[in-house]
Structures are given as structure tokens and as C-alpha cells.
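J.: One file: target_34.cif (mmCIF, C-alpha atoms).
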data_run
#
loop_
_atom_site.label_atom_id
_atom_site.label_comp_id
_atom_site.auth_asym_id
_atom_site.auth_seq_id
_atom_site.Cartn_x
_atom_site.Cartn_y
_atom_site.Cartn_z
CA MET A 73 -12.09 -8.00 10.44
CA GLU A 74 -11.24 -7.17 14.04
CA ILE A 75 -8.59 -4.48 14.64
CA ILE A 76 -6.84 -4.46 18.02
CA GLN A 77 -4.45 -1.64 18.94
CA GLU A 78 -3.16 -2.95 22.26
CA LEU A 79 -1.55 -6.15 23.46
CA VAL A 80 -4.40 -8.10 25.03
CA ARG A 81 -4.66 -11.86 25.41
CA SER A 82 -6.62 -13.70 22.76
CA ALA A 83 -9.25 -16.11 24.00
CA GLU A 84 -8.81 -18.21 20.84
CA PRO A 85 -5.63 -19.76 19.45
CA THR A 86 -4.27 -18.03 16.36
CA SER A 87 -2.14 -18.46 13.29
CA THR A 88 -0.33 -15.13 13.13
CA ALA A 89 1.67 -13.56 10.30
CA LEU A 90 4.40 -11.15 11.40
CA GLY A 91 5.56 -8.08 9.47
CA TYR A 92 5.24 -4.38 8.80
CA PHE A 93 3.78 -5.24 5.37
CA ASP A 94 4.38 -1.82 3.81
CA GLY A 95 2.57 -2.08 0.48
CA VAL A 96 1.26 -5.62 1.01
CA HIS A 97 3.26 -6.68 -2.05
CA ARG A 98 3.56 -10.20 -3.48
CA GLY A 99 6.15 -11.26 -0.89
CA HIS A 100 3.95 -10.03 1.94
CA GLN A 101 0.94 -11.73 0.42
CA ALA A 102 2.75 -15.08 0.45
CA VAL A 103 3.41 -14.75 4.20
CA ILE A 104 -0.17 -13.74 4.97
CA ARG A 105 -1.80 -16.38 2.77
CA GLU A 106 0.27 -19.13 4.40
CA ALA A 107 -0.87 -18.05 7.87
CA VAL A 108 -4.50 -17.73 6.73
CA ASN A 109 -4.47 -21.15 5.07
CA TYR A 110 -2.93 -22.76 8.16
CA ALA A 111 -5.64 -21.18 10.32
CA ARG A 112 -8.40 -22.54 8.08
CA GLN A 113 -6.90 -26.02 8.04
CA HIS A 114 -6.48 -26.19 11.82
CA GLY A 115 -9.50 -24.26 13.09
CA LEU A 116 -7.54 -21.23 14.32
CA VAL A 117 -8.14 -17.48 14.08
CA SER A 118 -6.10 -15.98 11.23
CA ALA A 119 -4.23 -12.94 12.51
CA VAL A 120 -1.60 -10.40 11.50
CA PHE A 121 0.78 -8.61 13.83
CA THR A 122 1.86 -5.30 12.31
CA LEU A 123 2.87 -1.81 13.35
CA GLN A 124 1.30 1.62 13.31
CA GLN A 125 4.51 3.20 12.04
CA SER A 126 7.79 2.15 10.45
CA PRO A 127 10.45 1.27 13.04
CA ARG A 128 12.92 3.38 11.05
CA THR A 129 10.75 6.44 11.64
CA VAL A 130 10.86 5.87 15.40
CA LEU A 131 14.50 4.76 15.66
CA PHE A 132 16.17 7.06 13.14
CA GLY A 133 13.68 9.87 12.56
CA GLU A 134 13.24 9.00 8.89
CA LYS A 135 10.31 10.62 7.16
CA PRO A 136 7.59 8.09 6.31
CA LYS A 137 7.54 6.96 2.68
CA GLY A 138 4.61 4.57 2.58
CA ILE A 139 3.39 2.84 -0.55
CA ILE A 140 -0.26 2.74 0.55
CA THR A 141 -2.28 4.41 3.28
CA GLN A 142 -2.98 2.55 6.50
CA ASP A 143 -6.66 2.30 5.54
CA GLU A 144 -5.77 0.59 2.27
CA LYS A 145 -3.30 -1.67 4.07
CA LEU A 146 -6.08 -2.88 6.36
CA GLN A 147 -8.42 -3.35 3.40
CA ARG A 148 -5.78 -5.46 1.63
CA LEU A 149 -5.29 -7.62 4.73
CA GLU A 150 -9.02 -8.21 5.03
CA ALA A 151 -9.25 -9.14 1.35
CA LEU A 152 -6.59 -11.80 1.97
CA GLY A 153 -8.82 -13.44 4.56
CA VAL A 154 -7.29 -12.08 7.75
CA GLU A 155 -9.77 -12.15 10.64
CA ARG A 156 -7.83 -10.13 13.19
CA VAL A 157 -5.12 -7.46 12.98
CA TYR A 158 -2.95 -6.44 15.91
CA LEU A 159 -1.98 -2.88 14.93
CA ILE A 160 0.56 -1.94 17.58
CA ASP A 161 2.55 1.23 18.32
CA PHE A 162 6.19 0.24 17.79
CA ARG A 163 7.29 2.42 20.70
CA THR A 164 5.51 0.12 23.15
CA ILE A 165 7.56 -2.92 22.13
CA ARG A 166 10.87 -1.51 20.88
CA HIS A 167 12.83 -2.65 23.96
CA ILE A 168 11.41 -6.17 24.30
CA THR A 169 13.91 -9.00 23.71
CA ALA A 170 13.44 -11.59 20.97
CA GLU A 171 12.67 -14.36 23.47
CA ASP A 172 10.23 -12.18 25.43
CA PHE A 173 8.53 -11.30 22.16
CA VAL A 174 7.82 -14.98 21.61
CA THR A 175 6.81 -15.82 25.18
CA ASP A 176 4.99 -12.62 26.16
CA ILE A 177 3.46 -11.55 22.84
CA LEU A 178 3.19 -14.56 20.53
CA LEU A 179 2.19 -16.92 23.31
CA GLY A 180 0.94 -14.60 26.03
CA CYS A 181 -1.14 -12.26 23.88
CA PHE A 182 -1.81 -13.93 20.55
CA HIS A 183 -2.13 -17.49 21.89
CA ALA A 184 -0.25 -18.46 18.74
CA ARG A 185 -0.17 -22.08 17.64
CA HIS A 186 1.46 -21.14 14.36
CA THR A 187 3.37 -18.13 13.09
CA GLY A 188 4.96 -17.03 9.83
CA CYS A 189 7.26 -14.32 8.51
CA GLY A 190 9.29 -13.33 5.48
CA PHE A 191 12.92 -14.25 4.90
CA ASN A 192 14.12 -10.79 5.97
CA TYR A 193 11.89 -10.30 9.04
CA HIS A 194 13.60 -8.95 12.18
CA PHE A 195 12.16 -8.52 15.65
CA GLY A 196 13.15 -7.88 19.25
CA SER A 197 15.35 -5.20 20.76
CA GLY A 198 18.06 -4.14 18.34
CA ALA A 199 16.36 -6.24 15.63
CA LYS A 200 18.44 -9.19 16.88
CA GLY A 201 15.77 -11.75 16.04
CA ASP A 202 15.38 -13.06 12.49
CA GLY A 203 13.65 -15.99 10.82
CA THR A 204 16.17 -18.49 12.17
CA VAL A 205 15.85 -17.19 15.72
CA LEU A 206 12.07 -17.13 15.42
CA SER A 207 12.04 -20.74 14.21
CA GLN A 208 14.25 -21.87 17.13
CA LEU A 209 12.24 -19.99 19.77
CA ALA A 210 8.92 -21.07 18.30
CA GLN A 211 9.97 -24.72 18.33
CA LYS A 212 11.16 -24.35 21.92
CA HIS A 213 7.72 -23.13 22.97
CA GLY A 214 5.62 -25.50 20.86
CA ILE A 215 4.70 -23.10 18.04
CA THR A 216 5.00 -24.19 14.43
CA GLU A 217 6.70 -21.61 12.20
CA THR A 218 7.11 -20.95 8.48
CA THR A 219 9.61 -18.54 6.91
CA GLN A 220 8.71 -17.60 3.36
CA PRO A 221 11.59 -17.53 0.84
CA GLN A 222 12.54 -14.52 -1.21
CA LEU A 223 10.43 -13.77 -4.29
CA CYS A 224 11.96 -12.16 -7.37
CA TYR A 225 10.76 -10.08 -10.29
CA ASP A 226 12.85 -9.58 -13.42
CA GLY A 227 15.76 -11.37 -11.75
CA LEU A 228 15.89 -9.16 -8.64
CA PRO A 229 14.27 -9.50 -5.18
CA ILE A 230 10.84 -7.99 -4.63
CA SER A 231 10.99 -5.43 -1.83
CA SER A 232 9.17 -2.35 -0.62
CA THR A 233 12.35 -0.33 -1.23
CA ARG A 234 12.47 -1.41 -4.86
CA ILE A 235 8.76 -0.70 -5.35
CA ARG A 236 9.19 2.79 -3.89
CA GLN A 237 12.07 3.42 -6.28
CA CYS A 238 9.98 2.33 -9.26
CA ILE A 239 7.11 4.60 -8.19
CA ALA A 240 9.47 7.55 -7.74
CA GLU A 241 10.91 6.94 -11.21
CA GLY A 242 7.53 6.50 -12.90
CA ASP A 243 8.12 2.82 -13.67
CA ILE A 244 4.55 1.85 -12.85
CA PRO A 245 4.44 -1.47 -14.77
CA SER A 246 7.30 -2.82 -12.63
CA ALA A 247 5.73 -1.51 -9.41
CA ASN A 248 2.42 -3.12 -10.37
CA ALA A 249 4.11 -6.44 -11.16
CA MET A 250 5.78 -6.54 -7.74
CA LEU A 251 2.67 -5.38 -5.89
CA GLY A 252 0.56 -8.00 -7.64
CA ARG A 253 -2.06 -5.35 -8.44
CA PRO A 254 -2.21 -1.80 -9.87
CA TYR A 255 -0.65 0.92 -7.75
CA GLY A 256 -2.82 3.91 -6.95
CA PHE A 257 -5.02 5.73 -4.48
CA CYS A 258 -8.43 5.37 -2.89
CA LEU A 259 -9.14 8.87 -1.62
CA PRO A 260 -11.92 11.46 -1.21
CA VAL A 261 -12.61 13.78 -4.14
CA ILE A 262 -12.03 17.40 -3.13
CA HIS A 263 -12.97 20.72 -4.71
CA GLY A 264 -10.28 22.13 -6.99
CA GLN A 265 -9.89 25.36 -8.94
CA GLN A 266 -12.53 24.30 -11.52
CA LEU A 267 -10.00 25.13 -14.26
CA GLY A 268 -10.39 21.80 -16.01
CA ARG A 269 -14.14 22.29 -16.23
CA GLN A 270 -13.60 25.72 -17.81
CA LEU A 271 -11.22 24.19 -20.36
CA GLY A 272 -13.64 21.40 -21.25
CA PHE A 273 -12.17 18.50 -19.29
CA PRO A 274 -13.67 18.38 -15.77
CA THR A 275 -11.34 16.56 -13.40
CA LEU A 276 -11.68 14.84 -10.06
CA ASN A 277 -9.12 16.16 -7.59
CA GLN A 278 -7.56 14.25 -4.72
CA SER A 279 -4.95 15.37 -2.22
CA MET A 280 -1.73 13.36 -1.88
CA PRO A 281 -1.69 12.01 1.69
CA ALA A 282 1.25 12.90 3.90
CA GLY A 283 3.68 10.08 4.54
CA LEU A 284 3.38 8.41 1.12
CA ILE A 285 6.11 8.11 -1.48
CA LYS A 286 5.43 10.62 -4.26
CA PRO A 287 5.29 9.25 -7.80
CA LYS A 288 7.32 10.93 -10.50
CA PHE A 289 5.49 14.14 -11.35
CA GLY A 290 3.71 13.89 -14.65
CA VAL A 291 0.80 12.36 -16.54
CA TYR A 292 -0.28 8.73 -16.25
CA ALA A 293 -2.74 6.42 -17.95
CA SER A 294 -5.14 5.33 -15.23
CA VAL A 295 -8.32 3.41 -14.52
CA VAL A 296 -10.96 4.95 -12.25
CA THR A 297 -13.59 2.88 -10.45
CA VAL A 298 -16.92 4.62 -9.89
CA GLY A 299 -19.38 2.32 -8.20
CA GLN A 300 -19.27 -0.93 -10.15
CA GLN A 301 -17.97 0.61 -13.36
CA GLN A 302 -14.46 1.39 -14.57
CA TRP A 303 -13.38 4.33 -16.71
CA GLN A 304 -10.16 5.12 -18.51
CA GLY A 305 -8.46 8.15 -17.06
CA VAL A 306 -5.67 10.65 -17.58
CA THR A 307 -4.09 11.41 -14.21
CA ASN A 308 -1.72 14.30 -13.53
CA ILE A 309 0.34 14.14 -10.34
CA GLY A 310 2.34 17.18 -9.31
CA ARG A 311 2.06 20.87 -8.61
CA LYS A 312 0.44 22.02 -11.89
CA PRO A 313 3.21 24.43 -12.96
CA THR A 314 1.10 26.16 -15.62
CA VAL A 315 -1.41 27.46 -13.07
CA GLY A 316 0.58 26.94 -9.89
CA SER A 317 -0.14 24.80 -6.83
CA ALA A 318 1.73 24.71 -3.53
CA GLU A 319 0.54 21.19 -2.71
CA VAL A 320 0.99 17.95 -4.60
CA THR A 321 -2.34 17.04 -6.15
CA ILE A 322 -3.78 14.06 -8.00
CA GLU A 323 -5.98 15.31 -10.84
CA THR A 324 -7.81 12.85 -13.09
CA TRP A 325 -9.91 13.39 -16.20
CA MET A 326 -12.13 10.57 -17.46
CA PRO A 327 -12.72 11.49 -21.14
CA LEU A 328 -15.72 9.19 -21.60
CA TYR A 329 -17.36 9.73 -18.20
CA GLN A 330 -20.71 11.54 -18.25
CA GLY A 331 -22.03 10.79 -14.77
CA GLN A 332 -22.72 13.01 -11.80
CA ASP A 333 -20.18 15.03 -9.82
CA LEU A 334 -18.07 12.91 -7.48
CA TYR A 335 -17.26 15.50 -4.83
CA ASP A 336 -16.72 14.05 -1.33
CA ARG A 337 -16.95 10.48 -2.58
CA VAL A 338 -14.03 8.12 -2.01
CA ILE A 339 -12.85 7.13 -5.49
CA ASP A 340 -10.27 4.55 -6.50
CA VAL A 341 -7.68 5.61 -9.11
CA ARG A 342 -5.12 3.07 -10.34
CA LEU A 343 -2.08 3.91 -12.47
CA TYR A 344 -0.82 1.78 -15.37
CA ARG A 345 1.86 3.69 -17.26
CA PHE A 346 3.69 7.00 -17.39
CA ILE A 347 2.80 9.15 -20.40
CA ARG A 348 4.90 12.30 -20.04
CA PRO A 349 6.58 14.50 -17.42
CA GLU A 350 4.75 17.41 -15.88
CA GLN A 351 5.54 20.60 -17.78
CA GLN A 352 4.70 24.27 -17.85
CA PHE A 353 2.81 25.51 -20.91
CA GLY A 354 2.86 29.00 -22.34
CA SER A 355 -0.91 29.31 -22.37
CA LEU A 356 -4.07 27.55 -21.30
CA SER A 357 -4.80 26.66 -24.92
CA GLU A 358 -1.46 24.81 -25.10
CA LEU A 359 -2.38 23.01 -21.88
CA ARG A 360 -5.78 22.03 -23.31
CA HIS A 361 -4.15 20.68 -26.48
CA ALA A 362 -1.67 18.59 -24.46
CA VAL A 363 -4.44 17.11 -22.32
CA GLU A 364 -6.43 16.21 -25.43
CA GLN A 365 -3.39 14.40 -26.81
CA ASP A 366 -2.96 12.56 -23.49
CA ALA A 367 -6.60 11.47 -23.65
CA ALA A 368 -6.23 10.22 -27.21
CA ALA A 369 -3.32 8.04 -26.08
CA VAL A 370 -5.42 6.59 -23.25
CA ILE A 371 -8.90 5.95 -24.65
CA HIS A 372 -7.61 3.62 -27.36
CA THR A 373 -5.92 1.40 -24.75
CA PRO A 374 -8.16 -1.36 -23.33
CA ILE A 375 -8.82 -1.29 -19.58
CA GLN A 376 -6.50 -3.86 -18.03
#
Would you write the structure of this file as C-alpha cells?
T.:
Amino acid sequence: MEIIQELVRSAEPTSTALGYFDGVHRGHQAVIREAVNYARQHGLVSAVFTLQQSPRTVLFGEKPKGIITQDEKLQRLEALGVERVYLIDFRTIRHITAEDFVTDILLGCFHARHTGCGFNYHFGSGAKGDGTVLSQLAQKHGITETTQPQLCYDGLPISSTRIRQCIAEGDIPSANAMLGRPYGFCLPVIHGQQLGRQLGFPTLNQSMPAGLIKPKFGVYASVVTVGQQQWQGVTNIGRKPTVGSAEVTIETWMPLYQGQDLYDRVIDVRLYRFIRPEQQFGSLSELRHAVEQDAAAVIHTPIQ
């Protein structure tokens, strides 16, 4: 997949999906798949136009609360069949009008023959452009356009805001249902305090990236992918109050794993359900007993 970080003219005509796509959830996937399928049917390059940062961070100074890292976002786009991603700094386009966005960017840069967006997509200075405006401007300039309707889960609209709320509350099954896949992290394994190893349950430690929404602190049932194999895991997310940690860490024990150390490898950990809140124990032996109980609850659950 080609990644372009500046607005340069495409030599080939494209079918381009538009959106920030924070999380690449089921609603986002519908927009992207439609653009990819159109490209395949009409011999075009399948493309995505997205942003390096949330417009709300630039416009209002809000702290980023991403669902996935940018690396994972790009991986998800590639897995959906996208051939080219325009990953643009929002500050370079924030003042462009809706009509200039269509003429100068969609036509002038992307050479778009087709474009698509979600029902709540906004673009142009002041976010004055929406799906209706995009459809009108696209038709005016000979571009076909598709606006995807709202998708719902459990009777309510699927949205990045709702997914973030579920993650923050520890409602992982609902977050997973709206994402269309398990929520989690694909991060390097770092060296920890080695305390788990001393207590008989060696863990793999990962550092929570800045700019991501933090899950509810506590213990989760997880699945860890090592190479081509999956292992059941017990994942603690938080600041480890019993031993103390200034930073938020992701610490996972795989009770049945007997392979080599995973230090410095990028390992994928996916969460499935919340087991219990993070808590402070009176002794390390109490901590060990609690972790053993957590493991017993996990290893008898089939990998999903």
C-alpha cells in the first residue's frame, strides 16, 4: 500500500473514500469497502483520504483519544484492500472551502472518478460541507458519489465516541461488536520489573501509547498472538497499585505459554471481557493468589 503525506496529483484515476476513520469500525469499513469495490469494478486505484490528527485536536486543543494507533489504522486500511492512502496534515487544508476541496483536492490531486463518505462526514472550512453538499459538488464536476447510511448496534448508532465510552467503561464485548473485531494492541514487548517472573507468572509488558483512550483499569481475558499461534491471556491494564507504577502499563500473562522470551518483539494482544477492577493487595502472596484465580477463569474459556 502506498502512503502519501502531501497533496500531489495522481497519474491514475481513483475511487477515494473520505474520513478520519478513527478506529476503522464497522461504519468506516462500509465506506472503505464500497470505494474499494467500485475501484475494482471500474479499473481505478482504490484510495483513502484521511488525516494525521483529529481536527478537534487542531481546532479546539482537545487531547487525542484514539482507539488504535496510526500504524494499526494503516494496517487495517491495507487489509481492506486499499492501494493508496493520502495521510494529510489537517493544518494544511483547514481553511479550504468545500467547493475548492472538490475541485482542487478530489479532482486536482486525487483524479477522483468516484468518492464515498459516511452519513456524518463533514469537510471544508468551518466543516460546512456534508454528504449532501459533497454529492451536489461531485455531480457538478462529473464524480460519482456514495454516502453510506448509519449503522446501529443494540439499537443505537455505531460511532467512535460510543466505542471510546465502552472501552473506558470496560464494556469490551460491545466495543468489539462495533469495531467488527477484537479491541487491543499490537506493540513492542518491553522489559518490566520482573516481579511476575519471581511470583511464578512471567508476563509480557507493553507501554500504553500516548494519545489513545485508556481502558478501564483492571484485569481482562485476552488472546495473544505469537507468530502463527494464539494463547489465552490474563491482561492487567493500569498502574499496578500493589507494587506501584507511575505509567499506565499493559501486562499480560499467558498461563499455558512455554516458549521463548518475547522481549523487543511486536506482539498482538486482544481483549475480550473485563474480569475485575485493578486493586491493591496487602501482600505479594495475595496478589499471586488473585492472578491464579484470574487465570483459572480464562483458561477454561475457548479462544474466540
J.: To one decimal place, how far is atom CA of A:Ser82 from atom CA of A:Phe182 in Å?
T.: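 Computing it gives 5.3 Å between the two atoms.
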J.: Quick one: everything within 7 Å of stretch 139-156 of chain A, counting all atoms listed in the file, minus sequence neighbours fewer than 2 positions away in the same chain. Send it as number ranges by chain.
T.: A: 73-75, 94-96, 105, 108, 117-120, 137, 158, 236, 284-285
J.: Nearest to A:Gly290: which of A:Thr169, A:Asn109, A:Ser197, A:Gln352 is it, counting all atoms listed in the file?
T.: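 With all atoms listed in the file as the atom set, the closest residue is A:Gln352.
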J.: Rank nothing, just name the residue among A:Arg163, A:Lys286, A:His263, A:Arg311 nearest to A:Glu78, using all atoms listed in the file.
T.: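 Using all atoms listed in the file, the shortest distance to A:Glu78 belongs to A:Arg163.
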J.: Edge lengths and centre in Å to one decimal, as lines of an AutoDock Vina configuration file, is what I'm after for the box along x, y and z that holds all listed atoms of stretch 215-234 of chain A once 3 Å is added on each side.
T.:
center_x = 10.3
center_y = -12.3
center_z = 2.3
size_x = 17.2
size_y = 29.9
size_z = 37.5
J.: Looking at only C-alpha atoms, which of A:Ile309, A:Leu343, A:Val370, A:Ile230 is the one that sits closest to A:Arg253?
T.: A:Leu343
J.: Rounded to one decimal place, report the atom CA of A:Arg342-atom CA of A:Tyr292 distance in Å.
T.: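 Between atom CA of A:Arg342 and atom CA of A:Tyr292 the gap is 9.5 Å.
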J.: What's the separation between atom CA of A:Ile322 and atom CA of A:Gly299, in Å to one decimal place?
T.: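 One can read the atom CA of A:Ile322 to atom CA of A:Gly299 distance as 19.5 Å.
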J.: Output the residue selection produced by the PyMOL selection byres ((chain A and resi 259) around 7) on the file above, formatted as number ranges by chain.
T.: A: 257-258, 260-261, 278, 338-340
J.: List every protein, DNA or RNA residue that has at least one atom no more than 7 Å from (-5.9, 18.5, -7.1) in the file's coordinates, counting all atoms listed in the file, and write the result as a list of chain:residue names.
T.: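 Taken together, the residues in range are A:Gly264, A:Asn277, A:Gln278, A:Ser279, A:Thr321, A:Ile322, A:Glu323.
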J.: Pick out the closest residue to A:Gly188 from this set: A:Tyr344, A:Tyr329, A:Trp303, A:Phe121. Count all atoms listed in the file.
T.: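 Nearest candidate to A:Gly188 out of A:Tyr344, A:Tyr329, A:Trp303, A:Phe121: A:Phe121.
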J.: Of the candidates A:Pro85, A:Met250, A:Ala199, A:Ile177, which one gets nearest to A:Arg128 if we count only C-alpha atoms?
T.: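 Smallest distance to A:Arg128 is found for A:Ala199.
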J.: Dump as a list in words all residues having an atom at most 8 Å from (-4.6, -4.5, 18.5), computed in the file's coordinates with all atoms listed in the file.
T.: Ile75, Ile76, Gln77, Glu78, Leu79, Val80, Val157, Tyr158, Leu159 and Ile160 of chain A
J.: What does the PyMOL selection byres ((chain A and resi 222) around 10) select in this file, as a PyMOL selection string?
T.: chain A and resi 99+102+190-192+219-221+223-224+228-231
J.: Which one of A:Pro136, A:Gly310, A:Pro349, A:Gly180 sits closest to A:His213 if you count only C-alpha atoms?
T.: A:Gly180
J.: Determine the residue set returned by the PyMOL selection byres ((chain A and resi 168) around 12) for the present structure, and present it as a PyMOL selection string.
T.: chain A and resi 162-167+169-177+195-201
J.: Now that the selection is made, can you save its residues with C-alpha atoms as a PDB file, in the frame of the given file?
T.:
ATOM      1  CA  PHE A 162       6.190   0.240  17.790  1.00  0.00           C
ATOM      2  CA  ARG A 163       7.290   2.420  20.700  1.00  0.00           C
ATOM      3  CA  THR A 164       5.510   0.120  23.150  1.00  0.00           C
ATOM      4  CA  ILE A 165       7.560  -2.920  22.130  1.00  0.00           C
ATOM      5  CA  ARG A 166      10.870  -1.510  20.880  1.00  0.00           C
ATOM      6  CA  HIS A 167      12.830  -2.650  23.960  1.00  0.00           C
ATOM      7  CA  THR A 169      13.910  -9.000  23.710  1.00  0.00           C
ATOM      8  CA  ALA A 170      13.440 -11.590  20.970  1.00  0.00           C
ATOM      9  CA  GLU A 171      12.670 -14.360  23.470  1.00  0.00           C
ATOM     10  CA  ASP A 172      10.230 -12.180  25.430  1.00  0.00           C
ATOM     11  CA  PHE A 173       8.530 -11.300  22.160  1.00  0.00           C
ATOM     12  CA  VAL A 174       7.820 -14.980  21.610  1.00  0.00           C
ATOM     13  CA  THR A 175       6.810 -15.820  25.180  1.00  0.00           C
ATOM     14  CA  ASP A 176       4.990 -12.620  26.160  1.00  0.00           C
ATOM     15  CA  ILE A 177       3.460 -11.550  22.840  1.00  0.00           C
ATOM     16  CA  PHE A 195      12.160  -8.520  15.650  1.00  0.00           C
ATOM     17  CA  GLY A 196      13.150  -7.880  19.250  1.00  0.00           C
ATOM     18  CA  SER A 197      15.350  -5.200  20.760  1.00  0.00           C
ATOM     19  CA  GLY A 198      18.060  -4.140  18.340  1.00  0.00           C
ATOM     20  CA  ALA A 199      16.360  -6.240  15.630  1.00  0.00           C
ATOM     21  CA  LYS A 200      18.440  -9.190  16.880  1.00  0.00           C
ATOM     22  CA  GLY A 201      15.770 -11.750  16.040  1.00  0.00           C
TER      23      GLY A 201
END
J.: Name all residues at most 10 Å from A:Tyr92 (count only C-alpha atoms; drop same-chain ones fewer than 6 positions away) and give them as a PyMOL selection string.
T.: chain A and resi 100+120-127+159+193
